[in-house]
file query.cif (mmCIF, C-alpha atoms and all ligand atoms)
data_final
#
loop_
_atom_site.label_atom_id
_atom_site.label_comp_id
_atom_site.auth_asym_id
_atom_site.auth_seq_id
_atom_site.Cartn_x
_atom_site.Cartn_y
_atom_site.Cartn_z
CA MET A 1 105.53 113.56 70.98
CA SER A 2 103.83 110.45 72.32
CA ILE A 3 101.57 112.58 74.55
CA THR A 4 99.33 113.18 71.52
CA LEU A 5 98.88 109.46 71.03
CA PHE A 6 97.67 108.97 74.59
CA ARG A 7 95.17 111.79 74.23
CA VAL A 8 93.69 110.22 71.12
CA ILE A 9 93.22 106.73 72.48
CA ARG A 10 92.17 107.61 76.04
CA TRP A 11 89.02 106.19 77.54
CA PRO A 12 86.08 108.35 78.52
CA TRP A 13 86.02 109.14 82.22
CA HIS A 14 82.75 107.37 82.94
CA ASP A 15 84.16 104.08 81.67
CA LEU A 16 87.14 104.39 83.96
CA SER A 17 85.16 105.13 87.09
CA MET A 18 82.47 102.52 86.55
CA THR A 19 84.27 99.46 85.28
CA PRO A 20 87.96 98.72 85.70
CA LYS A 21 89.43 97.32 82.48
CA VAL A 22 91.12 94.56 84.44
CA GLU A 23 88.81 92.79 86.87
CA LYS A 24 89.85 89.78 88.93
CA SER A 25 88.59 88.08 92.05
CA ASN A 26 90.54 88.33 95.32
CA GLU A 27 91.50 84.70 94.86
CA GLU A 28 92.98 85.38 91.43
CA TRP A 29 94.92 88.38 92.73
CA ARG A 30 96.27 86.32 95.63
CA LYS A 31 97.64 83.77 93.19
CA GLU A 32 99.36 86.38 91.05
CA LEU A 33 100.77 88.64 93.75
CA SER A 34 103.14 88.07 96.67
CA PRO A 35 101.58 88.51 100.13
CA GLU A 36 103.29 91.88 100.47
CA GLU A 37 102.12 93.04 97.04
CA TYR A 38 98.59 91.84 97.75
CA ALA A 39 98.47 93.73 101.07
CA VAL A 40 99.43 97.00 99.40
CA LEU A 41 97.68 96.73 96.03
CA ARG A 42 94.44 95.09 97.11
CA GLU A 43 94.17 96.03 100.79
CA ALA A 44 95.71 99.53 100.67
CA ALA A 45 98.51 98.74 103.12
CA THR A 46 101.61 100.95 103.13
CA GLU A 47 105.10 99.51 102.89
CA ARG A 48 107.58 100.61 105.55
CA ALA A 49 109.35 103.86 104.71
CA TRP A 50 112.87 103.59 103.25
CA THR A 51 112.44 99.88 102.43
CA GLY A 52 111.26 100.03 98.81
CA PRO A 53 113.67 98.87 96.10
CA LEU A 54 112.61 101.65 93.72
CA LEU A 55 113.71 104.46 96.04
CA GLU A 56 117.22 104.39 94.60
CA GLU A 57 116.13 103.77 91.01
CA HIS A 58 117.60 106.57 88.89
CA ARG A 59 117.66 105.03 85.43
CA ILE A 60 115.55 106.31 82.53
CA GLY A 61 112.43 104.23 82.05
CA VAL A 62 108.78 103.55 82.71
CA TYR A 63 106.98 102.63 85.92
CA ARG A 64 104.01 100.29 85.61
CA CYS A 65 101.30 98.91 87.89
CA ARG A 66 102.59 95.66 89.35
CA ALA A 67 99.13 94.13 89.24
CA CYS A 68 98.14 94.79 85.62
CA GLY A 69 101.09 96.41 83.78
CA ASN A 70 99.36 99.74 83.13
CA GLU A 71 101.91 102.51 82.55
CA LEU A 72 101.73 104.98 85.46
CA PHE A 73 104.83 107.15 85.63
CA ARG A 74 107.98 107.98 83.69
CA SER A 75 111.41 108.49 85.18
CA ASP A 76 111.54 112.18 84.23
CA THR A 77 108.85 112.95 86.82
CA LYS A 78 110.56 111.06 89.67
CA PHE A 79 112.18 113.28 92.28
CA GLU A 80 113.89 113.08 95.67
CA SER A 81 111.19 113.83 98.21
CA HIS A 82 113.10 112.45 101.21
CA CYS A 83 109.86 110.95 102.51
CA GLY A 84 110.94 107.32 102.27
CA TRP A 85 108.79 106.29 99.31
CA PRO A 86 109.38 106.70 95.56
CA SER A 87 107.82 110.02 94.56
CA PHE A 88 106.67 111.47 91.25
CA PHE A 89 105.30 114.92 90.44
CA ASP A 90 102.97 113.79 87.65
CA ALA A 91 101.41 110.66 86.15
CA THR A 92 102.19 109.66 82.55
CA THR A 93 98.63 110.67 81.59
CA THR A 94 95.72 111.94 83.63
CA ASP A 95 93.93 108.71 82.74
CA ALA A 96 96.62 106.44 84.18
CA VAL A 97 95.47 106.85 87.78
CA ARG A 98 92.24 107.43 89.70
CA LEU A 99 92.14 109.83 92.63
CA ILE A 100 89.83 109.01 95.52
CA GLU A 101 89.06 110.82 98.77
CA ASP A 102 90.50 108.79 101.65
CA ARG A 103 89.35 109.52 105.21
CA SER A 104 90.99 106.49 106.84
CA HIS A 105 93.30 106.76 109.87
CA GLY A 106 91.71 110.06 110.96
CA MET A 107 93.22 111.97 108.03
CA LEU A 108 91.88 113.46 104.84
CA ARG A 109 94.11 112.25 102.05
CA THR A 110 93.89 111.59 98.33
CA GLU A 111 94.29 107.95 97.50
CA VAL A 112 95.90 107.04 94.17
CA ARG A 113 94.67 103.92 92.38
CA CYS A 114 95.54 102.34 89.06
CA ALA A 115 92.84 103.41 86.60
CA SER A 116 93.07 100.10 84.80
CA CYS A 117 92.68 97.54 87.61
CA ASP A 118 91.68 99.72 90.60
CA SER A 119 94.64 98.60 92.71
CA HIS A 120 95.91 100.87 95.49
CA LEU A 121 99.22 102.55 94.65
CA GLY A 122 99.75 105.22 97.31
CA HIS A 123 98.66 108.78 98.07
CA LEU A 124 98.86 112.20 96.41
CA PHE A 125 100.03 115.25 98.36
CA ASP A 126 100.42 118.86 97.20
CA ASP A 127 103.49 119.55 99.31
CA ALA A 128 106.20 119.59 96.67
CA PRO A 129 106.67 123.26 95.66
CA GLN A 130 110.10 122.38 94.25
CA THR A 131 108.51 120.43 91.37
CA PRO A 132 106.78 121.78 88.21
CA THR A 133 103.34 120.65 89.46
CA GLY A 134 103.76 121.03 93.23
CA ASP A 135 102.35 117.53 93.56
CA ARG A 136 103.90 114.48 95.21
CA TYR A 137 102.61 111.08 94.14
CA CYS A 138 103.87 109.09 97.11
CA MET A 139 103.97 105.52 95.85
CA ASN A 140 104.67 102.10 97.32
CA SER A 141 107.61 100.39 95.61
CA VAL A 142 105.85 97.04 95.72
CA ALA A 143 102.90 98.50 93.79
CA LEU A 144 105.17 99.31 90.84
CA THR A 145 107.48 97.64 88.39
CA PHE A 146 110.29 99.49 86.65
CA GLU A 147 111.19 98.96 83.01
CA PRO A 148 114.48 100.64 82.04
CA VAL A 149 114.75 102.14 78.59
CA ASP A 150 117.83 100.94 76.77
CA THR A 151 119.56 104.17 75.86
CA ALA A 152 122.69 102.49 74.47
CA GLU A 153 121.78 102.01 70.85
ZN ZN B 201 96.79 98.20 87.55
#

call {"tool": "encode", "arguments": {"input": "query.cif", "output": "structure tokens", "more": "lines below"}}
Ligand SMILES: [Zn+2]
result
Amino acid sequence: MSITLFRVIRWPWHDLSMTPKVEKSNEEWRKELSPEEYAVLREAATERAWTGPLLEEHRIGVYRCRACGNELFRSDTKFESHCGWPSFFDATTTDAVRLIEDRSHGMLRTEVRCASCDSHLGHLFDDAPQTPTGDRYCMNSVALTFEPVDTAE
């Protein structure tokens, strides 16, 4: 299916880690994002649990980075984690996100960033044995946009 396409056009890893494809100044980001979005995406804040609008999103579709539009997740990997944030067990492609060691707040966690614009999205935990991967991408709703697929042809 479309997976093959992504594999063919993917960027080499060194390009992703060294230069984000989308680069903007803090001032530019502030203009484009709401204060809440800016705090999460550019300052790695975490939205309050159970407040995100995408928690109850159950339609078929695609989740994108709110800052740059990069496709991050698809609805078939979203699951009920009961943790208060929208959760996914896998990214659309391994190149969609960057994983970074995060030692803030006295914890060792894996931070998840958009591979395209380096914005903070949330954290990755391996505490979801009920999913095919065992992984839980714990995302902030405000870091994502949802694009429903029109299934009524
Ligand atoms: Zn992005």

call {"tool": "residues_near_ligand", "arguments": {"input": "query.cif", "ligand": "ligand ZN 201 (chain B)", "cutoff": "10 Å", "atoms": "only C-alpha atoms and all ligand atoms", "output": "PyMOL selection string"}}
result
chain A and resi 20-23+41+64-72+96-97+113-121+143-144

call {"tool": "atom_distance", "arguments": {"input": "query.cif", "atom1": "atom CA of A:His58", "atom2": "atom CA of A:Thr145"}}
result
13.5 Å

call {"tool": "residues_around", "arguments": {"input": "query.cif", "residues": "A:Asp126", "least_positions_apart": "5", "cutoff": "9 Å", "atoms": "only C-alpha atoms", "output": "VMD selection string"}}
result
chain A and resid 133 to 137

call {"tool": "write_last_selection", "arguments": {"input": "query.cif", "atoms": "C-alpha atoms", "output": "tab-separated table (two decimals), in the frame of the given file"}}
result
chain	number	residue	atom	x	y	z
A	133	THR	CA	103.34	120.65	89.46
A	134	GLY	CA	103.76	121.03	93.23
A	135	ASP	CA	102.35	117.53	93.56
A	136	ARG	CA	103.90	114.48	95.21
A	137	TYR	CA	102.61	111.08	94.14

call {"tool": "atom_distance", "arguments": {"input": "query.cif", "atom1": "atom CA of A:Phe73", "atom2": "atom CA of A:Gly52"}}
result
16.3 Å

call {"tool": "residues_around", "arguments": {"input": "query.cif", "residues": "A:Phe88", "least_positions_apart": "3", "cutoff": "9 Å", "atoms": "only C-alpha atoms", "output": "PyMOL selection string"}}
result
chain A and resi 73-81+91+135-139
